[in-house]
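Engineer: This is model_31.cif, which holds mmCIF, C-alpha atoms:
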data_run
#
loop_
_atom_site.group_PDB
_atom_site.id
_atom_site.type_symbol
_atom_site.label_atom_id
_atom_site.label_comp_id
_atom_site.auth_asym_id
_atom_site.auth_seq_id
_atom_site.Cartn_x
_atom_site.Cartn_y
_atom_site.Cartn_z
ATOM 1 C CA MET S 9 93.658 21.237 -54.380
ATOM 2 C CA LEU S 10 91.426 22.130 -51.431
ATOM 3 C CA SER S 11 92.403 21.223 -47.911
ATOM 4 C CA ARG S 12 90.351 21.243 -44.744
ATOM 5 C CA PHE S 13 89.453 24.669 -43.404
ATOM 6 C CA GLY S 14 92.014 26.029 -40.956
ATOM 7 C CA ARG S 15 94.582 23.303 -41.633
ATOM 8 C CA ARG S 16 97.952 23.347 -43.327
ATOM 9 C CA ARG S 17 99.602 20.475 -45.140
ATOM 10 C CA ASP S 18 102.746 20.536 -43.006
ATOM 11 C CA ALA S 19 103.858 17.208 -41.565
ATOM 12 C CA PRO S 20 101.831 16.590 -38.374
ATOM 13 C CA GLY S 21 104.888 16.377 -36.094
ATOM 14 C CA SER S 22 106.971 19.140 -37.653
ATOM 15 C CA GLU S 23 107.888 22.189 -35.592
ATOM 16 C CA GLN S 24 106.089 24.368 -38.108
ATOM 17 C CA ALA S 25 102.879 22.322 -37.767
ATOM 18 C CA VAL S 26 103.024 22.355 -33.950
ATOM 19 C CA ALA S 27 103.571 26.141 -33.892
ATOM 20 C CA LEU S 28 100.686 26.665 -36.325
ATOM 21 C CA ARG S 29 98.370 24.384 -34.366
ATOM 22 C CA ASP S 30 99.106 26.278 -31.143
ATOM 23 C CA ALA S 31 98.810 29.729 -32.752
ATOM 24 C CA VAL S 32 95.688 29.295 -34.910
ATOM 25 C CA PRO S 33 92.486 27.709 -33.570
ATOM 26 C CA ASP S 34 91.147 24.824 -35.621
ATOM 27 C CA GLY S 35 88.476 26.046 -38.009
ATOM 28 C CA VAL S 36 86.718 22.666 -37.991
ATOM 29 C CA ASP S 37 85.451 23.170 -34.427
ATOM 30 C CA SER S 38 84.071 26.551 -35.427
ATOM 31 C CA LEU S 39 82.324 25.066 -38.462
ATOM 32 C CA LEU S 40 80.864 22.245 -36.376
ATOM 33 C CA GLY S 41 79.507 24.873 -33.987
ATOM 34 C CA GLU S 42 77.835 26.693 -36.871
ATOM 35 C CA ILE S 43 76.343 23.426 -38.121
ATOM 36 C CA ALA S 44 74.994 22.703 -34.623
ATOM 37 C CA ALA S 45 73.292 26.115 -34.540
ATOM 38 C CA ILE S 46 71.671 25.463 -37.922
ATOM 39 C CA GLU S 47 70.526 22.019 -36.768
ATOM 40 C CA ALA S 48 69.011 23.555 -33.624
ATOM 41 C CA ALA S 49 66.955 25.972 -35.750
ATOM 42 C CA ALA S 50 65.696 23.095 -37.923
ATOM 43 C CA CYS S 51 64.896 21.006 -34.831
ATOM 44 C CA ASP S 52 62.876 23.953 -33.459
ATOM 45 C CA VAL S 53 60.714 23.717 -36.590
ATOM 46 C CA TYR S 54 60.213 19.987 -35.989
ATOM 47 C CA ASP S 55 59.359 20.656 -32.342
ATOM 48 C CA ARG S 56 56.755 23.292 -33.284
ATOM 49 C CA HIS S 57 55.057 20.670 -35.452
ATOM 50 C CA ASN S 58 55.152 17.953 -32.763
ATOM 51 C CA LEU S 59 57.886 15.923 -34.444
ATOM 52 C CA PRO S 60 60.937 14.452 -32.701
ATOM 53 C CA ALA S 61 63.893 16.810 -32.423
ATOM 54 C CA GLN S 62 66.760 14.497 -31.392
ATOM 55 C CA TRP S 63 69.170 12.786 -33.764
ATOM 56 C CA GLY S 64 68.563 9.078 -34.204
ATOM 57 C CA GLN S 65 66.509 6.476 -35.999
ATOM 58 C CA TYR S 66 62.731 6.350 -35.556
ATOM 59 C CA ARG S 67 59.731 4.190 -36.378
ATOM 60 C CA ARG S 68 55.985 4.651 -36.364
ATOM 61 C CA GLN S 69 52.950 2.583 -37.199
ATOM 62 C CA GLY S 70 50.509 4.162 -39.621
ATOM 63 C CA GLU S 71 50.220 7.715 -40.883
ATOM 64 C CA ASN S 72 48.986 9.125 -37.576
ATOM 65 C CA GLY S 73 51.152 7.101 -35.210
ATOM 66 C CA ALA S 74 53.719 8.801 -33.001
ATOM 67 C CA TRP S 75 57.378 8.483 -33.962
ATOM 68 C CA GLU S 76 59.288 6.248 -31.509
ATOM 69 C CA LYS S 77 63.056 6.611 -31.178
ATOM 70 C CA LEU S 78 64.960 3.369 -31.653
ATOM 71 C CA ALA S 79 67.704 2.528 -29.192
ATOM 72 C CA ASP S 80 70.993 4.140 -30.232
ATOM 73 C CA GLN S 81 72.973 1.004 -29.460
ATOM 74 C CA LEU S 82 71.143 -1.149 -32.031
ATOM 75 C CA SER S 83 73.490 -2.493 -34.684
ATOM 76 C CA PRO S 84 72.665 -2.022 -38.385
ATOM 77 C CA ALA S 85 71.831 -5.761 -38.554
ATOM 78 C CA GLU S 86 69.383 -5.425 -35.649
ATOM 79 C CA LYS S 87 67.731 -2.409 -37.276
ATOM 80 C CA TRP S 88 67.424 -4.264 -40.570
ATOM 81 C CA ALA S 89 65.867 -7.277 -38.802
ATOM 82 C CA MET S 90 63.354 -4.931 -37.132
ATOM 83 C CA ILE S 91 62.438 -3.420 -40.500
ATOM 84 C CA GLN S 92 61.954 -6.833 -42.094
ATOM 85 C CA ALA S 93 59.881 -8.094 -39.145
ATOM 86 C CA ALA S 94 57.441 -5.163 -39.324
ATOM 87 C CA PRO S 95 54.515 -6.060 -41.600
ATOM 88 C CA SER S 96 54.267 -3.466 -44.376
ATOM 89 C CA GLU S 97 50.494 -3.870 -44.554
ATOM 90 C CA GLU S 98 50.289 -2.448 -41.007
ATOM 91 C CA GLY S 99 51.872 0.794 -42.221
ATOM 92 C CA TRP S 100 55.183 0.678 -40.347
ATOM 93 C CA ARG S 101 57.596 3.444 -41.360
ATOM 94 C CA PHE S 102 61.263 3.847 -40.420
ATOM 95 C CA ALA S 103 63.304 7.020 -40.824
ATOM 96 C CA SER S 104 66.240 8.968 -39.491
ATOM 97 C CA LEU S 105 65.523 12.372 -37.948
ATOM 98 C CA ASP S 106 66.270 14.241 -41.159
ATOM 99 C CA GLY S 107 64.000 11.910 -43.156
ATOM 100 C CA ILE S 108 60.961 12.249 -40.887
ATOM 101 C CA GLY S 109 59.888 15.585 -42.339
ATOM 102 C CA ALA S 110 60.885 14.931 -45.954
ATOM 103 C CA LEU S 111 57.370 13.958 -47.084
ATOM 104 C CA SER S 112 55.454 16.326 -44.823
ATOM 105 C CA ALA S 113 52.570 18.335 -46.260
ATOM 106 C CA ILE S 114 53.983 21.389 -44.446
ATOM 107 C CA PRO S 115 56.605 23.247 -46.532
ATOM 108 C CA GLU S 116 58.455 24.545 -43.435
ATOM 109 C CA VAL S 117 58.909 20.969 -42.164
ATOM 110 C CA ARG S 118 60.140 19.736 -45.572
ATOM 111 C CA HIS S 119 62.611 22.627 -45.641
ATOM 112 C CA ALA S 120 63.839 21.810 -42.105
ATOM 113 C CA SER S 121 64.258 18.181 -43.181
ATOM 114 C CA ALA S 122 66.472 19.203 -46.112
ATOM 115 C CA VAL S 123 68.526 21.462 -43.824
ATOM 116 C CA LEU S 124 69.050 18.594 -41.353
ATOM 117 C CA ALA S 125 70.147 16.268 -44.172
ATOM 118 C CA ALA S 126 72.663 18.847 -45.440
ATOM 119 C CA CYS S 127 73.992 19.375 -41.908
ATOM 120 C CA ARG S 128 74.424 15.623 -41.422
ATOM 121 C CA GLY S 129 76.379 15.305 -44.666
ATOM 122 C CA LEU S 130 78.695 18.234 -43.953
ATOM 123 C CA ARG S 131 79.276 17.124 -40.357
ATOM 124 C CA GLN S 132 80.228 13.661 -41.564
ATOM 125 C CA ARG S 133 82.721 15.061 -44.071
ATOM 126 C CA LEU S 134 84.290 17.330 -41.460
ATOM 127 C CA THR S 135 84.584 14.679 -38.752
ATOM 128 C CA ASP S 136 85.865 11.993 -41.134
ATOM 129 C CA ALA S 137 88.890 14.266 -41.774
ATOM 130 C CA GLU S 138 88.477 13.992 -45.527
ATOM 131 C CA PRO S 139 89.501 16.858 -47.814
ATOM 132 C CA ILE S 140 86.782 19.393 -48.547
ATOM 133 C CA THR S 141 85.527 19.081 -52.116
ATOM 134 C CA PRO S 142 84.005 21.768 -54.317
ATOM 135 C CA GLN S 143 80.659 20.001 -53.767
ATOM 136 C CA ASP S 144 81.090 20.378 -49.984
ATOM 137 C CA LEU S 145 81.681 24.101 -50.414
ATOM 138 C CA ALA S 146 78.608 24.413 -52.631
ATOM 139 C CA ASP S 147 76.567 22.487 -50.036
ATOM 140 C CA ALA S 148 77.835 24.786 -47.272
ATOM 141 C CA ILE S 149 76.875 27.895 -49.236
ATOM 142 C CA ARG S 150 73.417 26.476 -49.986
ATOM 143 C CA LEU S 151 73.058 25.480 -46.331
ATOM 144 C CA GLY S 152 73.755 29.055 -45.250
ATOM 145 C CA ALA S 153 71.112 30.346 -47.634
ATOM 146 C CA ALA S 154 68.645 27.677 -46.485
ATOM 147 C CA TRP S 155 69.263 28.606 -42.851
ATOM 148 C CA ARG S 156 68.554 32.277 -43.581
ATOM 149 C CA ARG S 157 65.312 31.252 -45.274
ATOM 150 C CA LEU S 158 64.380 28.973 -42.365
ATOM 151 C CA ASP S 159 65.159 31.751 -39.903
ATOM 152 C CA ALA S 160 63.047 34.219 -41.943
ATOM 153 C CA GLU S 161 60.127 31.762 -41.999
ATOM 154 C CA SER S 162 60.331 31.436 -38.211
ATOM 155 C CA ALA S 163 60.431 35.206 -37.757
ATOM 156 C CA ALA S 164 57.428 35.614 -40.051
ATOM 157 C CA SER S 165 55.163 33.576 -37.778
ATOM 158 C CA PRO S 166 51.773 35.129 -37.080
ATOM 159 C CA LEU S 167 51.584 37.960 -34.594
ATOM 160 C CA LEU S 168 50.043 37.220 -31.236
ATOM 161 C CA PHE S 169 47.887 39.994 -29.842
ATOM 162 C CA GLN S 170 47.790 40.361 -26.069
ATOM 163 C CA PRO S 171 45.103 42.268 -24.196
ATOM 164 C CA LEU S 172 46.198 45.671 -22.964
ATOM 165 C CA ALA S 173 46.918 45.909 -19.268
ATOM 166 C CA SER S 174 44.514 48.224 -17.503
ATOM 167 C CA SER S 175 46.108 51.444 -16.295
ATOM 168 C CA ARG S 176 44.808 51.915 -12.772
#
Translate the structure of the given file into structure tokens.
Structural biologist:
Amino acid sequence: MLSRFGRRRDAPGSEQAVALRDAVPDGVDSLLGEIAAIEAAACDVYDRHNLPAQWGQYRRQGENGAWEKLADQLSPAEKWAMIQAAPSEEGWRFASLDGIGALSAIPEVRHASAVLAACRGLRQRLTDAEPITPQDLADAIRLGAAWRRLDAESAASPLLFQPLASSR
């Protein structure tokens, strides 16, 4: 019923499909650009609260420990072995970037975490070349509303008063 944004269902090699591809830019790239802008706004929130702001997997020891980024080239099996080797009584925590802020006491950070999770899900659907579902459209609409709210929260930060320059 729904196809990917900006794409037609013509056979990939047909003359009609080639002409369409050359005449109309792919909407997926545009959507991925919008998602990247939303992610950047959410990462700015993380950065303001001294949290990591790069995609990846992280770990920390204890509630007050600093988050350490795990090597990107670790396999899922290596990550799982690392998790199992970390003694739970020492307070080790593991999370992806979007999960780091999920349990924060700061509402703005929790909101940024939810925005990052929504971005990750939509990006995955778009890059996996799967058909867009009604749920994906609902998520995209909610993501737009969440971004506006996140942007409004950032704009509503406290005013900073600067001393007046002397007029000599």
Engineer: Taking the file as I've supplied it (selection: the PyMOL selection byres ((chain S and resi 144) around 12)), which residues are included? Please answer as a list in words.
Structural biologist: Leu10, Ser11, Arg12, Phe13, Ala126, Cys127, Arg128, Gly129, Leu130, Arg131, Gln132, Arg133, Leu134, Glu138, Pro139, Ile140, Thr141, Pro142, Gln143, Leu145, Ala146, Asp147, Ala148, Ile149, Arg150 and Leu151 of chain S
Engineer: Near range 109-115 of chain S, within 12 Å and counting all atoms listed in the file, which residues show up once chain neighbours fewer than 4 positions away are dropped, as a PyMOL selection string?
Structural biologist: chain S and resi 50-51+53-61+66+71+75+101-105+119-125+157-158+161
Engineer: Name every residue that the PyMOL selection byres ((chain S and resi 78-87) around 9) selects in this structure, writing the answer as a CSV table (one decimal) with C-alpha atoms, in the coordinates of the input with chains first and numbers rising.
Structural biologist:
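This is the output file selection.csv:
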chain,number,residue,atom,x,y,z
S,64,GLY,CA,68.6,9.1,-34.2
S,65,GLN,CA,66.5,6.5,-36.0
S,66,TYR,CA,62.7,6.4,-35.6
S,67,ARG,CA,59.7,4.2,-36.4
S,76,GLU,CA,59.3,6.2,-31.5
S,77,LYS,CA,63.1,6.6,-31.2
S,88,TRP,CA,67.4,-4.3,-40.6
S,89,ALA,CA,65.9,-7.3,-38.8
S,90,MET,CA,63.4,-4.9,-37.1
S,91,ILE,CA,62.4,-3.4,-40.5
S,92,GLN,CA,62.0,-6.8,-42.1
Engineer: Take CA of Gly152 in chain S and CA of Leu40 in chain S and report the distance between them in Å, one decimal.
Structural biologist: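 Result for CA of Gly152 in chain S versus CA of Leu40 in chain S: 13.3 Å, one decimal.
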Engineer: Quick one: residues within 12 Å of Glu97 in chain S, only C-alpha atoms counted, chain neighbours fewer than 4 positions away excluded, as a ChimeraX atom specification?
Structural biologist: /S:69-70,93,101
Engineer: What gap, in Å, lies between CA of Trp63 in chain S and CA of Glu98 in chain S?
Structural biologist: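 It comes out at 25.3 Å.
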